[in-house]
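Participant: What follows is a structure written as structure tokens; I'll ask about it next.
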Amino acid sequence: MEEDPRRRVPRTDLLLRDPRVEAASDRLGPTMIKDAVRRAQSRVRSGELAPEMIMDAVLADLPGLACSLRRVLNATGVVVHTNIGRAPLSAAAREALLAASGYVDVEMDLATGQRARRGAGALDALLERVPEAEAALVVNNGAAALLLATTALASAGAGDAGAWAGGSGVVVVSRGEMVEIGDGFRLPELIESTGVRLREVGTTNRTHLRDYQEATGPGVGAILKVHPSNFRVEGFTSEVGIEDLAGLGPPVIADIGSGLLTHDAVLPGEPDAATALRQGAAVVTCSGDKLLGGPQAGILLGKHEIIEKLRRHPMQRAMRVDKLTLAALEATLRGPEPPVTRFRHLRAEDYAERTHALAEAVGGRVVAVAGRVGGGGAPGVELPGLAVALPTGQKARASKPEQLAHALRTGDPAVLARVEDGQCLVDLRCIEPDHDLSLCAAVQAALGDSAVQALPRSAAAEAAEGDSAAETAR
Ligand SMILES: *Cc1c(COP(=O)(O)O)cnc(C)c1O
């Protein structure tokens with residue numbers, strides 16, 4: 001009679017001594033290895049895995065990284081997608097990030113050995129890109145920048161701001177700019193959470209200069225102008241520009257949202273920092289990881305005296321960014337055009353060839369689609385593009401577009417497609433061309449072999465493997 005394989009569960013210490021496991025342990029640490037060993041042993045114990053196969057199972061079970069985040073190919077055509085981490089960083093920013101991950105002179109002057117201005121390089125880079133700003137400050141995200149500006153200025157003294165007497169906790173804002181930014185977070189609630197009192201003026205669709213004038217009495221520390229970045233009010237509307245608000249006395253805080261530093265012709269309605277400052281904003285706040293294309297950050301640009309007030313506010317310390325953010329931000333500002341800028345400027349003809357090649361390889365159809373800026377930016381702006389409508393139905397393994405999208409999301413690499421009008425669409429706008437092969441292989445895998453045509457599966461699969469190995473090694 002054959003021995004019960006469950007009695008032959010290989011011992012942990014023997015498994016851990018295997019050179020391949022030792023190498024993986026150097027990379028991933030002992031905890032993850034032991035967990036994988038235990039999982040494989042219990043599969044042997046249950047009879048599901050032959051004891052001879054345990055080493056293969058352990059190695060196959062080990063993740064590529066000591067971090068559980070998975071790389072996602074963004075085939076949605078939405079350039080800034082919050083749920084998959086907004087802006088992908090440029091190669092220059094990734095390298096800077098890696099370089100900054102050790103000890104670096106983030107807050108030290110190496111010549112003197114003394115403490116120096118934290119993140120001076122990133123701040124200088126901001127001022128070079130936006131000469132209209134006298135000073136800059138970087139905090140954790142756009143919401144923090146807004147919170148800091150409103151909290152610090154609501155109760156700040158007037159300084160040398162002329163006729164304005166300084167505030168006692170009140171900030172004036174239009175009812176047309178009371179924005180909810182996603183996941184249930186509302187800017188007015190956020191601002192009031194620090195004790196600032198908002199004085200709402202105007203109506204949802206129309207606010208006039210006289211509304212602001214009547215509200216701007218004693219106690220008002222600042223006037224807030226928020227770009228309603230994720231919706232549009234059309235029809236009978238009116239709002240007051242920064243130029244007019246700047247003449248009322250209190251400093252104007254302009255939350256432009258998506259972080260365009262200068263005007264972009266592709267996005268005519270999107271405000272930019274340089275213009276807002278020229279129009280008289282005392283401080284502009286925005287995000288680093290939307291249209292700017294950098295790491296998550298909140299950027300404040302403005303008058304020297306105002307920025308200094310914000311920098312000295314106790315709350316600033318709780319919003320301080322780390323060296324990684326500063327490094328990636330500086331490289332984004334100084335380095336080559338970041339991916340989000342390239343992606344949003346792509347015209348349909350610029351990636352038609354790649355799209356047709358993919359369609360042919362997977363048996364799909366090329367259709368015209370409207371790409372989006374996303375990330376709660378430039379609502380209503382359509383980026384004319386192309387996508388491959390994947391085959392679904394009787395012959396394909398996934399018979400519904402939702403099933404196919406699910407197979408793509410859970411494949412390797414994970415692919416995020418778009419389901420629209422009963423179709424599963426794969427848009428190459430936000431895919432780097434050197435990921436096309438690995439995307440193609442992932443689509444073919446999701447479709448099952450039935451749809452495979454032009455591109456030899458093995459070549460595509462190899463490319464995909466090479467690709468993910470390179471990613472792991474980085
Ligand atoms: C996105 C956005 C914010 C919040 O910025 P985060 O970087 O997401 O914190 C605030 N205001 C406006 C107008 C925005 O568009």
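Residue numbering restarts at 1 for every chain of the structure tokens, chains are lettered A, B, ... in their displayed order, and ligands are numbered from 1 as they appear.
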Produce as a PyMOL selection string the set of residues near ligand 1, where near means within 6 Å with only C-alpha atoms and all ligand atoms considered.

Facilitator: chain A and resi 141-143+226-229+255-258+287+298+376

Participant: Just all heavy atoms for this one: save the residues we selected as a short mmCIF file (atom, residue, chain, number, x, y, z; two decimals), in the first residue's frame.

Facilitator:
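Saved result, result.cif, follows:
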```
data_model
loop_
_atom_site.label_atom_id
_atom_site.label_comp_id
_atom_site.auth_asym_id
_atom_site.auth_seq_id
_atom_site.Cartn_x
_atom_site.Cartn_y
_atom_site.Cartn_z
N ASN A 141 -1.31 67.24 0.21
CA ASN A 141 -2.23 67.12 -0.92
C ASN A 141 -3.00 68.43 -1.10
O ASN A 141 -2.85 69.35 -0.29
CB ASN A 141 -3.19 65.93 -0.78
CG ASN A 141 -3.92 65.95 0.55
OD1 ASN A 141 -4.21 67.00 1.09
ND2 ASN A 141 -4.23 64.78 1.06
N GLY A 142 -3.81 68.48 -2.13
CA GLY A 142 -4.53 69.71 -2.42
C GLY A 142 -5.47 70.11 -1.29
O GLY A 142 -5.61 71.30 -0.98
N ALA A 143 -6.09 69.12 -0.68
CA ALA A 143 -7.02 69.41 0.41
C ALA A 143 -6.28 70.04 1.59
O ALA A 143 -6.77 70.98 2.23
CB ALA A 143 -7.73 68.13 0.84
N VAL A 226 -13.02 78.87 -5.43
CA VAL A 226 -12.76 77.45 -5.71
C VAL A 226 -13.14 77.14 -7.15
O VAL A 226 -14.25 77.46 -7.58
CB VAL A 226 -13.59 76.54 -4.77
CG1 VAL A 226 -13.27 75.07 -5.05
CG2 VAL A 226 -13.31 76.86 -3.32
N HIS A 227 -12.25 76.49 -7.85
CA HIS A 227 -12.62 76.05 -9.20
C HIS A 227 -13.50 74.82 -9.07
O HIS A 227 -13.07 73.80 -8.52
CB HIS A 227 -11.37 75.72 -10.00
CG HIS A 227 -11.68 75.14 -11.35
ND1 HIS A 227 -12.48 75.81 -12.25
CD2 HIS A 227 -11.34 73.98 -11.94
CE1 HIS A 227 -12.60 75.07 -13.34
NE2 HIS A 227 -11.92 73.94 -13.17
N PRO A 228 -14.76 74.91 -9.55
CA PRO A 228 -15.63 73.73 -9.48
C PRO A 228 -15.14 72.71 -10.50
O PRO A 228 -15.67 72.61 -11.60
CB PRO A 228 -17.02 74.27 -9.82
CG PRO A 228 -16.81 75.65 -10.35
CD PRO A 228 -15.38 76.03 -10.25
N SER A 229 -14.13 71.95 -10.10
CA SER A 229 -13.37 71.18 -11.09
C SER A 229 -14.10 69.94 -11.58
O SER A 229 -13.80 69.44 -12.66
CB SER A 229 -12.03 70.78 -10.49
OG SER A 229 -12.22 70.13 -9.25
N ASP A 255 -8.31 78.26 -5.19
CA ASP A 255 -8.08 76.81 -5.27
C ASP A 255 -8.37 76.41 -6.71
O ASP A 255 -9.53 76.27 -7.10
CB ASP A 255 -9.02 76.07 -4.30
CG ASP A 255 -8.89 74.56 -4.43
OD1 ASP A 255 -7.94 74.09 -5.09
OD2 ASP A 255 -9.74 73.85 -3.86
N ILE A 256 -7.31 76.23 -7.50
CA ILE A 256 -7.51 75.91 -8.92
C ILE A 256 -7.64 74.40 -9.14
O ILE A 256 -7.94 73.96 -10.24
CB ILE A 256 -6.39 76.48 -9.81
CG1 ILE A 256 -5.03 75.90 -9.44
CG2 ILE A 256 -6.37 78.01 -9.74
CD1 ILE A 256 -3.95 76.15 -10.49
N GLY A 257 -7.38 73.62 -8.11
CA GLY A 257 -7.64 72.17 -8.19
C GLY A 257 -6.56 71.37 -8.89
O GLY A 257 -5.68 70.81 -8.25
N SER A 258 -6.62 71.33 -10.21
CA SER A 258 -5.87 70.28 -10.90
C SER A 258 -4.40 70.57 -11.14
O SER A 258 -3.69 69.69 -11.61
CB SER A 258 -6.56 69.93 -12.19
OG SER A 258 -6.61 71.06 -12.99
N SER A 287 -3.29 70.57 -6.60
CA SER A 287 -2.76 69.22 -6.37
C SER A 287 -1.51 69.00 -7.22
O SER A 287 -1.38 69.59 -8.29
CB SER A 287 -3.79 68.17 -6.79
OG SER A 287 -4.94 68.28 -6.02
N GLY A 298 0.26 68.91 -2.23
CA GLY A 298 -0.53 70.13 -2.29
C GLY A 298 0.44 71.27 -2.49
O GLY A 298 1.42 71.40 -1.75
N GLY A 376 -11.48 64.23 -11.37
CA GLY A 376 -12.25 65.41 -11.00
C GLY A 376 -11.73 66.66 -11.68
O GLY A 376 -11.73 67.74 -11.12
#
```

Participant: Fewer than 6 positions away in the same chain doesn't count, so skip those; otherwise give me all residues within 10 Å of Asn230 in chain A, counting only C-alpha atoms, as number ranges by chain.

Facilitator: A: 179-182, 257, 374-380

Participant: If you run DSSP over the backbone, which residues in range 20-130 of chain A end up strand (DSSP E or B)? Put them as a list in words.

Facilitator: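 Of range 20-130 of chain A, the ones in strand (DSSP E or B) are Val72, Leu73, Asn74, Val78, Val79, Val80, His81, Arg86, Met108, Asp109, Gln114 and Arg115 of chain A.
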
Participant: Please report as JSON lines every residue of range 227-329 of chain A lying within 12 Å of range 345-358 of chain A, along with the nearest atom pair and their distance in Å (one decimal), using only C-alpha atoms.

Facilitator:
```
{"residue": "A:Asp264", "atom": "CA", "partner": "A:His345", "partner_atom": "CA", "distance": 9.7}
{"residue": "A:Ala265", "atom": "CA", "partner": "A:His345", "partner_atom": "CA", "distance": 9.7}
{"residue": "A:Val266", "atom": "CA", "partner": "A:His345", "partner_atom": "CA", "distance": 7.1}
{"residue": "A:Leu267", "atom": "CA", "partner": "A:His345", "partner_atom": "CA", "distance": 9.9}
{"residue": "A:Leu291", "atom": "CA", "partner": "A:His345", "partner_atom": "CA", "distance": 11.6}
```

Participant: Limited to N, CA, C and O atoms, could you put the picked residues into a file as a compact mmCIF listing (two decimals), in the first residue's frame?

Facilitator:
```
# COMPACT_ATOMS: atom_id res chain seq x y z
N ASP A 264 -3.10 75.63 -20.78
CA ASP A 264 -2.99 74.53 -21.73
C ASP A 264 -4.14 74.65 -22.73
O ASP A 264 -5.31 74.57 -22.35
N ALA A 265 -3.78 74.82 -24.01
CA ALA A 265 -4.80 75.06 -25.04
C ALA A 265 -5.77 73.89 -25.18
O ALA A 265 -6.91 74.08 -25.62
N VAL A 266 -5.34 72.67 -24.81
CA VAL A 266 -6.22 71.50 -24.91
C VAL A 266 -7.38 71.60 -23.90
O VAL A 266 -8.44 71.02 -24.08
N LEU A 267 -7.15 72.36 -22.83
CA LEU A 267 -8.14 72.48 -21.76
C LEU A 267 -8.50 73.95 -21.54
O LEU A 267 -8.08 74.57 -20.56
N LEU A 291 -3.24 67.25 -13.08
CA LEU A 291 -2.69 67.61 -14.39
C LEU A 291 -1.21 67.99 -14.36
O LEU A 291 -0.55 68.03 -15.39
```

Participant: Measuring between only C-alpha atoms, which one of A:Ala282, A:Val80, A:Cys440, A:Leu416 shows the shortest distance to Thr341 in chain A?

Facilitator: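 Residue with the minimum atom-to-atom distance to Thr341 in chain A: A:Val80.
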
Participant: Please identify which residues in range 188-251 of chain A DSSP calls helix (DSSP H, G or I) from the backbone, and express them as a PDB file with all heavy atoms, in the first residue's frame.

Facilitator:
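New file out_14.pdb:
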```pdb
ATOM      1  N   PRO A 188     -16.444  72.583   1.919  1.00  0.00           N
ATOM      2  CA  PRO A 188     -16.884  73.464   3.004  1.00  0.00           C
ATOM      3  C   PRO A 188     -16.759  72.809   4.386  1.00  0.00           C
ATOM      4  O   PRO A 188     -16.318  73.451   5.341  1.00  0.00           O
ATOM      5  CB  PRO A 188     -18.361  73.748   2.677  1.00  0.00           C
ATOM      6  CG  PRO A 188     -18.647  73.139   1.370  1.00  0.00           C
ATOM      7  CD  PRO A 188     -17.451  72.409   0.869  1.00  0.00           C
ATOM      8  N   GLU A 189     -17.099  71.529   4.475  1.00  0.00           N
ATOM      9  CA  GLU A 189     -16.985  70.833   5.761  1.00  0.00           C
ATOM     10  C   GLU A 189     -15.529  70.697   6.188  1.00  0.00           C
ATOM     11  O   GLU A 189     -15.182  70.827   7.361  1.00  0.00           O
ATOM     12  CB  GLU A 189     -17.647  69.454   5.676  1.00  0.00           C
ATOM     13  CG  GLU A 189     -19.161  69.542   5.573  1.00  0.00           C
ATOM     14  CD  GLU A 189     -19.835  68.209   5.260  1.00  0.00           C
ATOM     15  OE1 GLU A 189     -19.141  67.170   5.199  1.00  0.00           O
ATOM     16  OE2 GLU A 189     -21.059  68.234   5.074  1.00  0.00           O
ATOM     17  N   LEU A 190     -14.699  70.422   5.204  1.00  0.00           N
ATOM     18  CA  LEU A 190     -13.267  70.302   5.461  1.00  0.00           C
ATOM     19  C   LEU A 190     -12.745  71.615   6.057  1.00  0.00           C
ATOM     20  O   LEU A 190     -12.069  71.623   7.087  1.00  0.00           O
ATOM     21  CB  LEU A 190     -12.572  70.011   4.129  1.00  0.00           C
ATOM     22  CG  LEU A 190     -11.081  69.759   4.150  1.00  0.00           C
ATOM     23  CD1 LEU A 190     -10.834  68.283   4.372  1.00  0.00           C
ATOM     24  CD2 LEU A 190     -10.445  70.173   2.831  1.00  0.00           C
ATOM     25  N   ILE A 191     -13.080  72.714   5.419  1.00  0.00           N
ATOM     26  CA  ILE A 191     -12.584  74.025   5.862  1.00  0.00           C
ATOM     27  C   ILE A 191     -13.126  74.349   7.258  1.00  0.00           C
ATOM     28  O   ILE A 191     -12.398  74.812   8.137  1.00  0.00           O
ATOM     29  CB  ILE A 191     -12.997  75.111   4.846  1.00  0.00           C
ATOM     30  CG1 ILE A 191     -12.270  74.867   3.518  1.00  0.00           C
ATOM     31  CG2 ILE A 191     -12.692  76.506   5.376  1.00  0.00           C
ATOM     32  CD1 ILE A 191     -12.842  75.655   2.351  1.00  0.00           C
ATOM     33  N   GLU A 192     -14.407  74.086   7.465  1.00  0.00           N
ATOM     34  CA  GLU A 192     -15.005  74.436   8.756  1.00  0.00           C
ATOM     35  C   GLU A 192     -14.519  73.521   9.880  1.00  0.00           C
ATOM     36  O   GLU A 192     -14.664  73.852  11.057  1.00  0.00           O
ATOM     37  CB  GLU A 192     -16.539  74.404   8.644  1.00  0.00           C
ATOM     38  CG  GLU A 192     -17.053  75.582   7.834  1.00  0.00           C
ATOM     39  CD  GLU A 192     -18.565  75.608   7.689  1.00  0.00           C
ATOM     40  OE1 GLU A 192     -19.168  74.526   7.577  1.00  0.00           O
ATOM     41  OE2 GLU A 192     -19.135  76.710   7.678  1.00  0.00           O
ATOM     42  N   LEU A 209     -20.475  90.590  -7.901  1.00  0.00           N
ATOM     43  CA  LEU A 209     -19.472  91.306  -7.123  1.00  0.00           C
ATOM     44  C   LEU A 209     -20.114  91.942  -5.883  1.00  0.00           C
ATOM     45  O   LEU A 209     -19.539  91.934  -4.801  1.00  0.00           O
ATOM     46  CB  LEU A 209     -18.794  92.376  -7.994  1.00  0.00           C
ATOM     47  CG  LEU A 209     -17.659  93.145  -7.316  1.00  0.00           C
ATOM     48  CD1 LEU A 209     -16.562  92.202  -6.838  1.00  0.00           C
ATOM     49  CD2 LEU A 209     -17.071  94.192  -8.265  1.00  0.00           C
ATOM     50  N   ARG A 210     -21.331  92.452  -6.034  1.00  0.00           N
ATOM     51  CA  ARG A 210     -21.969  93.103  -4.875  1.00  0.00           C
ATOM     52  C   ARG A 210     -22.228  92.109  -3.736  1.00  0.00           C
ATOM     53  O   ARG A 210     -22.223  92.483  -2.568  1.00  0.00           O
ATOM     54  CB  ARG A 210     -23.265  93.832  -5.284  1.00  0.00           C
ATOM     55  CG  ARG A 210     -24.358  92.940  -5.798  1.00  0.00           C
ATOM     56  CD  ARG A 210     -25.722  93.628  -5.883  1.00  0.00           C
ATOM     57  NE  ARG A 210     -26.721  92.622  -6.200  1.00  0.00           N
ATOM     58  CZ  ARG A 210     -26.981  92.190  -7.438  1.00  0.00           C
ATOM     59  NH1 ARG A 210     -26.337  92.690  -8.474  1.00  0.00           N
ATOM     60  NH2 ARG A 210     -27.898  91.258  -7.633  1.00  0.00           N
ATOM     61  N   ASP A 211     -22.452  90.842  -4.062  1.00  0.00           N
ATOM     62  CA  ASP A 211     -22.618  89.817  -3.010  1.00  0.00           C
ATOM     63  C   ASP A 211     -21.353  89.746  -2.157  1.00  0.00           C
ATOM     64  O   ASP A 211     -21.418  89.675  -0.929  1.00  0.00           O
ATOM     65  CB  ASP A 211     -22.882  88.439  -3.621  1.00  0.00           C
ATOM     66  CG  ASP A 211     -24.202  88.397  -4.389  1.00  0.00           C
ATOM     67  OD1 ASP A 211     -25.167  89.020  -3.922  1.00  0.00           O
ATOM     68  OD2 ASP A 211     -24.245  87.745  -5.452  1.00  0.00           O
ATOM     69  N   TYR A 212     -20.219  89.725  -2.831  1.00  0.00           N
ATOM     70  CA  TYR A 212     -18.941  89.669  -2.114  1.00  0.00           C
ATOM     71  C   TYR A 212     -18.718  90.964  -1.334  1.00  0.00           C
ATOM     72  O   TYR A 212     -18.272  90.945  -0.194  1.00  0.00           O
ATOM     73  CB  TYR A 212     -17.783  89.467  -3.100  1.00  0.00           C
ATOM     74  CG  TYR A 212     -17.649  88.063  -3.667  1.00  0.00           C
ATOM     75  CD1 TYR A 212     -18.125  87.765  -4.935  1.00  0.00           C
ATOM     76  CD2 TYR A 212     -17.020  87.057  -2.944  1.00  0.00           C
ATOM     77  CE1 TYR A 212     -17.977  86.494  -5.466  1.00  0.00           C
ATOM     78  CE2 TYR A 212     -16.864  85.776  -3.475  1.00  0.00           C
ATOM     79  CZ  TYR A 212     -17.349  85.503  -4.738  1.00  0.00           C
ATOM     80  OH  TYR A 212     -17.194  84.247  -5.269  1.00  0.00           O
ATOM     81  N   GLN A 213     -19.047  92.101  -1.978  1.00  0.00           N
ATOM     82  CA  GLN A 213     -18.832  93.399  -1.313  1.00  0.00           C
ATOM     83  C   GLN A 213     -19.622  93.478  -0.012  1.00  0.00           C
ATOM     84  O   GLN A 213     -19.100  93.877   1.028  1.00  0.00           O
ATOM     85  CB  GLN A 213     -19.265  94.544  -2.247  1.00  0.00           C
ATOM     86  CG  GLN A 213     -18.212  94.891  -3.273  1.00  0.00           C
ATOM     87  CD  GLN A 213     -18.761  95.753  -4.408  1.00  0.00           C
ATOM     88  OE1 GLN A 213     -19.966  95.740  -4.692  1.00  0.00           O
ATOM     89  NE2 GLN A 213     -17.868  96.489  -5.062  1.00  0.00           N
ATOM     90  N   GLU A 214     -20.903  93.052  -0.084  1.00  0.00           N
ATOM     91  CA  GLU A 214     -21.748  93.133   1.113  1.00  0.00           C
ATOM     92  C   GLU A 214     -21.244  92.210   2.219  1.00  0.00           C
ATOM     93  O   GLU A 214     -21.397  92.506   3.403  1.00  0.00           O
ATOM     94  CB  GLU A 214     -23.200  92.765   0.743  1.00  0.00           C
ATOM     95  CG  GLU A 214     -23.918  93.915   0.042  1.00  0.00           C
ATOM     96  CD  GLU A 214     -25.155  93.455  -0.726  1.00  0.00           C
ATOM     97  OE1 GLU A 214     -25.625  92.316  -0.507  1.00  0.00           O
ATOM     98  OE2 GLU A 214     -25.637  94.242  -1.566  1.00  0.00           O
ATOM     99  N   ALA A 215     -20.641  91.096   1.822  1.00  0.00           N
ATOM    100  CA  ALA A 215     -20.206  90.116   2.828  1.00  0.00           C
ATOM    101  C   ALA A 215     -18.835  90.428   3.401  1.00  0.00           C
ATOM    102  O   ALA A 215     -18.448  89.897   4.440  1.00  0.00           O
ATOM    103  CB  ALA A 215     -20.188  88.719   2.200  1.00  0.00           C
ATOM    104  N   ILE A 242     -11.220  86.563 -10.288  1.00  0.00           N
ATOM    105  CA  ILE A 242     -10.232  86.873  -9.259  1.00  0.00           C
ATOM    106  C   ILE A 242      -9.852  88.352  -9.291  1.00  0.00           C
ATOM    107  O   ILE A 242      -9.703  88.993  -8.248  1.00  0.00           O
ATOM    108  CB  ILE A 242      -8.976  85.980  -9.452  1.00  0.00           C
ATOM    109  CG1 ILE A 242      -9.341  84.517  -9.179  1.00  0.00           C
ATOM    110  CG2 ILE A 242      -7.840  86.426  -8.533  1.00  0.00           C
ATOM    111  CD1 ILE A 242      -8.255  83.532  -9.559  1.00  0.00           C
ATOM    112  N   GLU A 243      -9.731  88.919 -10.505  1.00  0.00           N
ATOM    113  CA  GLU A 243      -9.344  90.333 -10.639  1.00  0.00           C
ATOM    114  C   GLU A 243     -10.242  91.237  -9.808  1.00  0.00           C
ATOM    115  O   GLU A 243      -9.754  92.140  -9.120  1.00  0.00           O
ATOM    116  CB  GLU A 243      -9.453  90.773 -12.103  1.00  0.00           C
ATOM    117  CG  GLU A 243      -8.201  90.501 -12.890  1.00  0.00           C
ATOM    118  CD  GLU A 243      -8.489  90.192 -14.344  1.00  0.00           C
ATOM    119  OE1 GLU A 243      -9.606  89.695 -14.634  1.00  0.00           O
ATOM    120  OE2 GLU A 243      -7.606  90.436 -15.169  1.00  0.00           O
ATOM    121  N   ASP A 244     -11.560  91.011  -9.894  1.00  0.00           N
ATOM    122  CA  ASP A 244     -12.490  91.868  -9.158  1.00  0.00           C
ATOM    123  C   ASP A 244     -12.428  91.601  -7.662  1.00  0.00           C
ATOM    124  O   ASP A 244     -12.520  92.523  -6.847  1.00  0.00           O
ATOM    125  CB  ASP A 244     -13.919  91.651  -9.668  1.00  0.00           C
ATOM    126  CG  ASP A 244     -14.074  92.201 -11.084  1.00  0.00           C
ATOM    127  OD1 ASP A 244     -13.424  93.220 -11.388  1.00  0.00           O
ATOM    128  OD2 ASP A 244     -14.820  91.596 -11.878  1.00  0.00           O
ATOM    129  N   LEU A 245     -12.283  90.321  -7.288  1.00  0.00           N
ATOM    130  CA  LEU A 245     -12.238  89.974  -5.863  1.00  0.00           C
ATOM    131  C   LEU A 245     -10.986  90.548  -5.204  1.00  0.00           C
ATOM    132  O   LEU A 245     -11.004  90.954  -4.043  1.00  0.00           O
ATOM    133  CB  LEU A 245     -12.256  88.449  -5.689  1.00  0.00           C
ATOM    134  CG  LEU A 245     -13.511  87.736  -6.202  1.00  0.00           C
ATOM    135  CD1 LEU A 245     -13.382  86.232  -5.983  1.00  0.00           C
ATOM    136  CD2 LEU A 245     -14.761  88.272  -5.511  1.00  0.00           C
ATOM    137  N   ALA A 246      -9.895  90.606  -5.987  1.00  0.00           N
ATOM    138  CA  ALA A 246      -8.623  91.062  -5.429  1.00  0.00           C
ATOM    139  C   ALA A 246      -8.696  92.523  -4.988  1.00  0.00           C
ATOM    140  O   ALA A 246      -7.901  92.949  -4.150  1.00  0.00           O
ATOM    141  CB  ALA A 246      -7.507  90.864  -6.444  1.00  0.00           C
TER     142      ALA A 246
END
```

Participant: Can you measure CA of Ala40 in chain A to CA of Leu408 in chain A for me? One decimal in Å is fine.

Facilitator: 26.9 Å

Participant: Please identify all polymer residues within 7 Å of Thr203 in chain A, counting only C-alpha atoms, omitting same-chain residues fewer than 4 positions from it, and present them as a list in words.

Facilitator: Arg175, Gly176 and Thr207 of chain A

Participant: Just C-alpha atoms for this one: save the residues we selected as a short mmCIF file (atom, residue, chain, number, x, y, z; two decimals), in the first residue's frame.

Facilitator:
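As written to disk, result04.cif reads:
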```cif
data_model
loop_
_atom_site.label_atom_id
_atom_site.label_comp_id
_atom_site.auth_asym_id
_atom_site.auth_seq_id
_atom_site.Cartn_x
_atom_site.Cartn_y
_atom_site.Cartn_z
CA ARG A 175 -22.56 79.13 -3.03
CA GLY A 176 -21.70 78.11 -6.59
CA THR A 207 -22.90 85.22 -7.69
#
```

Participant: When distances are computed from only C-alpha atoms, which of A:Lys400, A:Arg429, A:His304, A:Arg311 shows the smallest separation from Glu134 in chain A?

Facilitator: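 Ranked by minimum distance to Glu134 in chain A, first place goes to A:His304.
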